[in-house]
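Some notes on the structure that comes next.
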Amino acid sequence: MLYNFLHEIVVDPGQNTTKPFVTLTYAQSLDGKIAGHGGQQLILSGPESMKATHMLRAMHDGILVGINTVFNDDPRLTARLSNDELPPRCISETGQLRNPALFPELQPKPIILDAQLRFPLSSKLLDQDAPTRPLILTRHDHSPERRRQLELRGATVVGCSTDSQGRLDLFNVVQELSARKIRSLMVEGGASIIKSFLESGLVDLTIVTIAPTFVGQDGVSVIGSAQGLPQLENPTYHTLGRDVVLVAKVHRTASPKQ
């Protein structure tokens with residue numbers, strides 16, 4: 001079966017109660033670009049790979065993106081699947097199929113990193129069913145008026161600590177998520193979020209879709225310098241339509257650095 005490898009992926013943090021299991025996933029061109037000039041959205045994944053992405057979303061408690069992805073793509077961050085594509089978590093003990101499209105509580109929680117609390121009130125995420133309204137993580141010194149506006153629209157706003165560069169502290173981020181019962185987290189982007197998570201040592205699994213196309217030098221790269229990035233282990237490669245999907249665990253010699 002085309003998607004058998006997905007059923008072998010385990011996104012359980014086990015006994016770890018301080019951080020969720022973190023899956024980092026993104027699609028890139030052959031020349032390593034994930035977006036066009038200025039962050040312009042590109043459709044890189046073929047239909048088979050896109051279906052796999054939705055299957056992966058349904059396997060996780062939360063999907064995390066940065067605020068620039070919200071501005072550039074206006075995503076819904078939901079799992080959209082047919083009944084024959086549902087993961088085990090969407091099947092009850094009695095065998096009842098519970099499609100997230102009909103059971104919004106089974107959808108992954110949209111999670112947005114937004115240090116300046118710039119989240120747009122026009123976002124599609126604010127028009128979705130209550131379980132799929134966004135959880136927005138921002139600085140402690142955010143605008144109370146902006147927070148009030150977002151909470152009136154059903155968003156949840158949580159203050160987090162920042163690092164020396166004013167960015168949200170990812171260790172505090174995952175602690176906040178774990179406290180909110182997010183035990184498995186799918187990180188989808190954009191480029192700065194992907195690189196920050198890789199450098200943090202918080203990622204457990206990487207899934208990279210490689211599309212047979214070139215974007216060119218004006219595109220947005222995921223990685224600049226490789227300094228501080230982890231090694232991968234036990235890689236497997238899977239062909240989905242025209243794309244190749246790399247699945248690999250992150251080699252960890254010590255606990256994530258803080």
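Just so we're on the same page: first chain in the structure tokens is A, next is B, and so on; residues restart at 1 for each chain, and ligands are numbered from 1 in the order they show up.
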When DSSP works through the backbone of this structure, what residues of region 67-152 of chain A end up as strand (DSSP E or B), shown as an mmCIF file with N, CA and C atoms, in the first residue's frame?
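Saved result, out_39.cif, follows:
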```
data_model
loop_
_atom_site.group_PDB
_atom_site.id
_atom_site.type_symbol
_atom_site.label_atom_id
_atom_site.label_comp_id
_atom_site.auth_asym_id
_atom_site.auth_seq_id
_atom_site.Cartn_x
_atom_site.Cartn_y
_atom_site.Cartn_z
ATOM 1 N N ILE A 91 -10.457 5.998 15.010
ATOM 2 C CA ILE A 91 -11.334 4.825 15.003
ATOM 3 C C ILE A 91 -11.610 4.444 16.452
ATOM 4 N N LEU A 97 -15.829 4.694 12.641
ATOM 5 C CA LEU A 97 -14.962 5.667 11.985
ATOM 6 C C LEU A 97 -15.393 7.072 12.388
ATOM 7 N N LYS A 109 -4.815 20.704 16.972
ATOM 8 C CA LYS A 109 -4.976 22.098 17.391
ATOM 9 C C LYS A 109 -4.024 22.988 16.603
ATOM 10 N N PRO A 110 -4.506 24.025 15.921
ATOM 11 C CA PRO A 110 -3.600 24.962 15.249
ATOM 12 C C PRO A 110 -2.845 25.804 16.279
ATOM 13 N N ILE A 111 -1.523 25.821 16.173
ATOM 14 C CA ILE A 111 -0.667 26.530 17.126
ATOM 15 C C ILE A 111 0.205 27.510 16.347
ATOM 16 N N ILE A 112 0.176 28.765 16.754
ATOM 17 C CA ILE A 112 0.867 29.821 16.012
ATOM 18 C C ILE A 112 1.898 30.493 16.915
ATOM 19 N N LEU A 113 3.145 30.576 16.441
ATOM 20 C CA LEU A 113 4.166 31.354 17.136
ATOM 21 C C LEU A 113 4.129 32.781 16.590
ATOM 22 N N LEU A 135 -4.412 28.427 18.904
ATOM 23 C CA LEU A 135 -3.692 28.709 20.143
ATOM 24 C C LEU A 135 -2.485 29.550 19.741
ATOM 25 N N ILE A 136 -2.434 30.790 20.195
ATOM 26 C CA ILE A 136 -1.399 31.736 19.776
ATOM 27 C C ILE A 136 -0.421 31.951 20.926
ATOM 28 N N LEU A 137 0.849 31.661 20.666
ATOM 29 C CA LEU A 137 1.894 31.851 21.666
ATOM 30 C C LEU A 137 2.655 33.132 21.347
ATOM 31 N N THR A 138 2.766 34.013 22.338
ATOM 32 C CA THR A 138 3.344 35.329 22.113
ATOM 33 C C THR A 138 4.183 35.750 23.321
ATOM 34 N N ARG A 139 4.783 36.908 23.249
ATOM 35 C CA ARG A 139 5.582 37.429 24.366
ATOM 36 C C ARG A 139 4.665 37.794 25.537
#
```
_I'd like the contact shell of Ile34 (chain A) - 12 Å cut-off, only C-alpha atoms, skipping same-chain residues fewer than 4 positions apart - returned as a PyMOL selection string._
chain A and resi 25-30+38-45+69+188-192+194+208-211+213-223
Write out the residues from the selection above, keeping C-alpha atoms, as a short mmCIF file (atom, residue, chain, number, x, y, z; two decimals), in the first residue's frame.
```cif
data_model
loop_
_atom_site.label_atom_id
_atom_site.label_comp_id
_atom_site.auth_asym_id
_atom_site.auth_seq_id
_atom_site.Cartn_x
_atom_site.Cartn_y
_atom_site.Cartn_z
CA THR A 25 7.80 18.12 8.25
CA TYR A 26 8.04 20.27 5.15
CA ALA A 27 8.19 20.08 1.35
CA GLN A 28 11.14 21.39 -0.66
CA SER A 29 12.32 21.63 -4.24
CA LEU A 30 15.40 19.82 -5.54
CA GLY A 38 9.54 36.97 -0.48
CA GLY A 39 7.93 33.88 1.02
CA GLN A 40 5.43 33.42 -1.81
CA GLN A 41 3.51 30.18 -1.35
CA LEU A 42 4.48 27.38 -3.74
CA ILE A 43 2.56 24.15 -4.35
CA LEU A 44 5.50 21.74 -4.26
CA SER A 45 3.86 18.51 -3.08
CA THR A 69 2.99 31.38 7.32
CA GLU A 188 5.20 22.68 9.45
CA GLY A 189 7.11 25.94 9.05
CA GLY A 190 8.07 28.40 7.79
CA ALA A 191 11.80 28.48 7.21
CA SER A 192 12.88 30.28 10.40
CA ILE A 194 12.04 24.91 10.95
CA VAL A 208 10.83 15.90 4.20
CA THR A 209 9.01 15.75 0.87
CA ILE A 210 11.32 16.42 -2.09
CA ALA A 211 9.58 17.56 -5.26
CA THR A 213 11.34 20.79 -9.50
CA PHE A 214 13.69 23.76 -9.23
CA VAL A 215 12.73 27.14 -7.76
CA GLY A 216 15.92 29.14 -8.28
CA GLN A 217 18.08 31.43 -6.19
CA ASP A 218 15.26 33.85 -5.34
CA GLY A 219 13.41 31.15 -3.41
CA VAL A 220 13.42 30.76 0.37
CA SER A 221 15.80 28.11 1.70
CA VAL A 222 15.20 26.10 4.84
CA ILE A 223 18.83 25.92 5.84
#
```
_Asp243 (chain A) surroundings by only C-alpha atoms, 7 Å radius, close-in-sequence under 2 positions cut, as a list in words_ =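 The contact residues come out as Gly46, Ser49, Thr209, Ile210, Ala211, Pro212, Thr239, Leu240, Gly241 and Val245 of chain A.
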*Hey, can you check how far CA of Leu229 (chain A) sits from CA of Glu199 (chain A)?*
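Pair CA of Leu229 (chain A) / CA of Glu199 (chain A) returns 5.2 Å.
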Close residues, region 116-126 of chain A itself excluded, 12 Å, only C-alpha atoms, min 5 positions apart in chain, as a compact mmCIF listing (two decimals) with N, CA and C atoms, in the first residue's frame:
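Output (around18.txt):
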```
# COMPACT_ATOMS: atom_id res chain seq x y z
N GLY A 66 4.64 29.42 12.09
CA GLY A 66 4.94 30.78 12.50
C GLY A 66 3.95 31.76 11.91
N ILE A 67 3.96 32.98 12.44
CA ILE A 67 3.01 33.99 12.01
C ILE A 67 3.19 34.35 10.54
N ASN A 68 4.41 34.27 9.99
CA ASN A 68 4.60 34.60 8.58
C ASN A 68 3.86 33.62 7.67
N THR A 69 3.76 32.36 8.10
CA THR A 69 2.99 31.38 7.32
C THR A 69 1.51 31.76 7.32
N VAL A 70 1.02 32.28 8.43
CA VAL A 70 -0.38 32.73 8.48
C VAL A 70 -0.59 33.88 7.51
N PHE A 71 0.33 34.84 7.49
CA PHE A 71 0.20 35.98 6.58
C PHE A 71 0.32 35.54 5.11
N ASN A 72 1.28 34.66 4.82
CA ASN A 72 1.55 34.30 3.42
C ASN A 72 0.54 33.32 2.85
N ASP A 73 0.08 32.36 3.68
CA ASP A 73 -0.74 31.26 3.16
C ASP A 73 -2.19 31.28 3.64
N ASP A 74 -2.47 31.95 4.74
CA ASP A 74 -3.79 31.91 5.38
C ASP A 74 -4.30 30.47 5.48
N PRO A 75 -3.56 29.59 6.15
CA PRO A 75 -3.91 28.17 6.17
C PRO A 75 -5.05 27.86 7.14
N ARG A 76 -5.65 26.68 6.96
CA ARG A 76 -6.65 26.19 7.90
C ARG A 76 -6.03 25.23 8.91
N LEU A 77 -4.95 24.53 8.52
CA LEU A 77 -4.23 23.61 9.39
C LEU A 77 -5.13 22.50 9.93
N THR A 78 -5.99 21.98 9.07
CA THR A 78 -6.86 20.87 9.44
C THR A 78 -6.49 19.62 8.66
N LYS A 109 -4.82 20.70 16.97
CA LYS A 109 -4.98 22.10 17.39
C LYS A 109 -4.02 22.99 16.60
N PRO A 110 -4.51 24.03 15.92
CA PRO A 110 -3.60 24.96 15.25
C PRO A 110 -2.85 25.80 16.28
N ILE A 111 -1.52 25.82 16.17
CA ILE A 111 -0.67 26.53 17.13
C ILE A 111 0.21 27.51 16.35
N PRO A 131 -13.00 23.80 18.43
CA PRO A 131 -11.78 23.02 18.72
C PRO A 131 -10.61 23.36 17.82
N THR A 132 -10.88 23.95 16.65
CA THR A 132 -9.80 24.25 15.71
C THR A 132 -9.52 25.76 15.61
N ARG A 133 -10.00 26.52 16.58
CA ARG A 133 -9.57 27.92 16.68
C ARG A 133 -8.12 27.92 17.17
N PRO A 134 -7.33 28.92 16.82
CA PRO A 134 -5.89 28.85 17.07
C PRO A 134 -5.50 29.08 18.53
N LEU A 135 -4.41 28.43 18.90
CA LEU A 135 -3.69 28.71 20.14
C LEU A 135 -2.48 29.55 19.74
N ILE A 136 -2.43 30.79 20.20
CA ILE A 136 -1.40 31.74 19.78
C ILE A 136 -0.42 31.95 20.93
N LEU A 137 0.85 31.66 20.67
CA LEU A 137 1.89 31.85 21.67
C LEU A 137 2.65 33.13 21.35
N THR A 138 2.77 34.01 22.34
CA THR A 138 3.34 35.33 22.11
C THR A 138 4.18 35.75 23.32
N ARG A 139 4.78 36.91 23.25
CA ARG A 139 5.58 37.43 24.37
C ARG A 139 4.67 37.79 25.54
N HIS A 140 5.24 37.81 26.73
CA HIS A 140 4.46 38.20 27.90
C HIS A 140 4.01 39.66 27.81
N ASP A 141 4.82 40.52 27.17
CA ASP A 141 4.49 41.94 27.10
C ASP A 141 3.71 42.28 25.83
N HIS A 142 2.74 41.44 25.50
CA HIS A 142 1.95 41.67 24.28
C HIS A 142 0.87 42.73 24.54
N SER A 143 0.23 43.14 23.45
CA SER A 143 -0.82 44.15 23.53
C SER A 143 -2.09 43.55 24.14
N PRO A 144 -2.55 44.07 25.30
CA PRO A 144 -3.78 43.53 25.89
C PRO A 144 -5.01 43.76 25.03
N GLU A 145 -5.04 44.85 24.28
CA GLU A 145 -6.18 45.12 23.42
C GLU A 145 -6.24 44.12 22.26
N ARG A 146 -5.07 43.83 21.67
CA ARG A 146 -5.05 42.84 20.59
C ARG A 146 -5.46 41.47 21.13
N ARG A 147 -4.99 41.15 22.31
CA ARG A 147 -5.38 39.87 22.92
C ARG A 147 -6.89 39.81 23.11
N ARG A 148 -7.48 40.89 23.60
CA ARG A 148 -8.93 40.92 23.80
C ARG A 148 -9.67 40.69 22.49
N GLN A 149 -9.22 41.34 21.42
CA GLN A 149 -9.87 41.18 20.12
C GLN A 149 -9.80 39.73 19.64
N LEU A 150 -8.64 39.11 19.81
CA LEU A 150 -8.46 37.73 19.35
C LEU A 150 -9.27 36.76 20.19
N GLU A 151 -9.30 36.98 21.49
CA GLU A 151 -10.06 36.08 22.36
C GLU A 151 -11.56 36.20 22.13
N LEU A 152 -12.03 37.39 21.76
CA LEU A 152 -13.44 37.55 21.41
C LEU A 152 -13.80 36.73 20.17
N ARG A 153 -12.81 36.46 19.32
CA ARG A 153 -13.03 35.65 18.12
C ARG A 153 -12.77 34.16 18.37
N GLY A 154 -12.47 33.79 19.61
CA GLY A 154 -12.33 32.38 19.94
C GLY A 154 -10.91 31.87 20.02
N ALA A 155 -9.91 32.73 19.79
CA ALA A 155 -8.52 32.30 19.90
C ALA A 155 -8.12 32.21 21.37
N THR A 156 -7.08 31.42 21.64
CA THR A 156 -6.47 31.37 22.96
C THR A 156 -5.08 31.99 22.85
N VAL A 157 -4.77 32.94 23.70
CA VAL A 157 -3.49 33.64 23.65
C VAL A 157 -2.72 33.33 24.93
N VAL A 158 -1.47 32.87 24.77
CA VAL A 158 -0.64 32.46 25.90
C VAL A 158 0.69 33.19 25.83
N GLY A 159 1.10 33.79 26.93
CA GLY A 159 2.39 34.47 26.99
C GLY A 159 3.52 33.50 27.28
N CYS A 160 4.64 33.69 26.60
CA CYS A 160 5.83 32.84 26.78
C CYS A 160 7.05 33.72 26.99
N THR A 162 11.05 34.82 26.30
CA THR A 162 11.80 35.04 25.06
C THR A 162 13.28 34.81 25.30
N GLY A 166 14.93 38.15 21.47
CA GLY A 166 13.53 38.53 21.44
C GLY A 166 12.61 37.51 20.80
N ARG A 167 13.14 36.35 20.45
CA ARG A 167 12.32 35.30 19.87
C ARG A 167 11.70 34.46 20.99
N LEU A 168 10.59 33.84 20.71
CA LEU A 168 9.96 32.98 21.71
C LEU A 168 10.89 31.83 22.07
```
_Under the rule that only C-alpha atoms are counted, which of A:Asn83, A:Ser178, A:Thr206, A:Gln107 is the nearest residue to Lys19 (chain A)?_
A:Ser178
*Near-Asn234 (chain A) list (12 Å; only C-alpha atoms; drop same-chain fewer than 6 positions) as a ChimeraX atom specification*: /A:205-206,246-251
*Could you jot down the CA of Gly14 (chain A) to CA of Ile207 (chain A) separation for me, Å, one decimal place?*
20.2 Å
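Taking only C-alpha atoms into account, Pro13 (chain A) lies nearest to A:Val203 out of the set A:Leu56, A:Leu170, A:Val244, A:Val203.
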*Which residues, written as a list in words, have at least one atom at most 8 Å from Cys90 (chain A), with only C-alpha atoms counted and residues fewer than 4 positions away on the same chain left out?*
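Everything that qualifies: Ala58, Leu86, Leu97, Arg98, Asn99, Pro100 and Leu106 of chain A.
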*Pick out the closest residue to Thr53 (chain A) from this set: A:His37, A:Glu8, A:Met186, A:Ser164. Count only C-alpha atoms.*
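Smallest separation from Thr53 (chain A) among the options: A:Met186.
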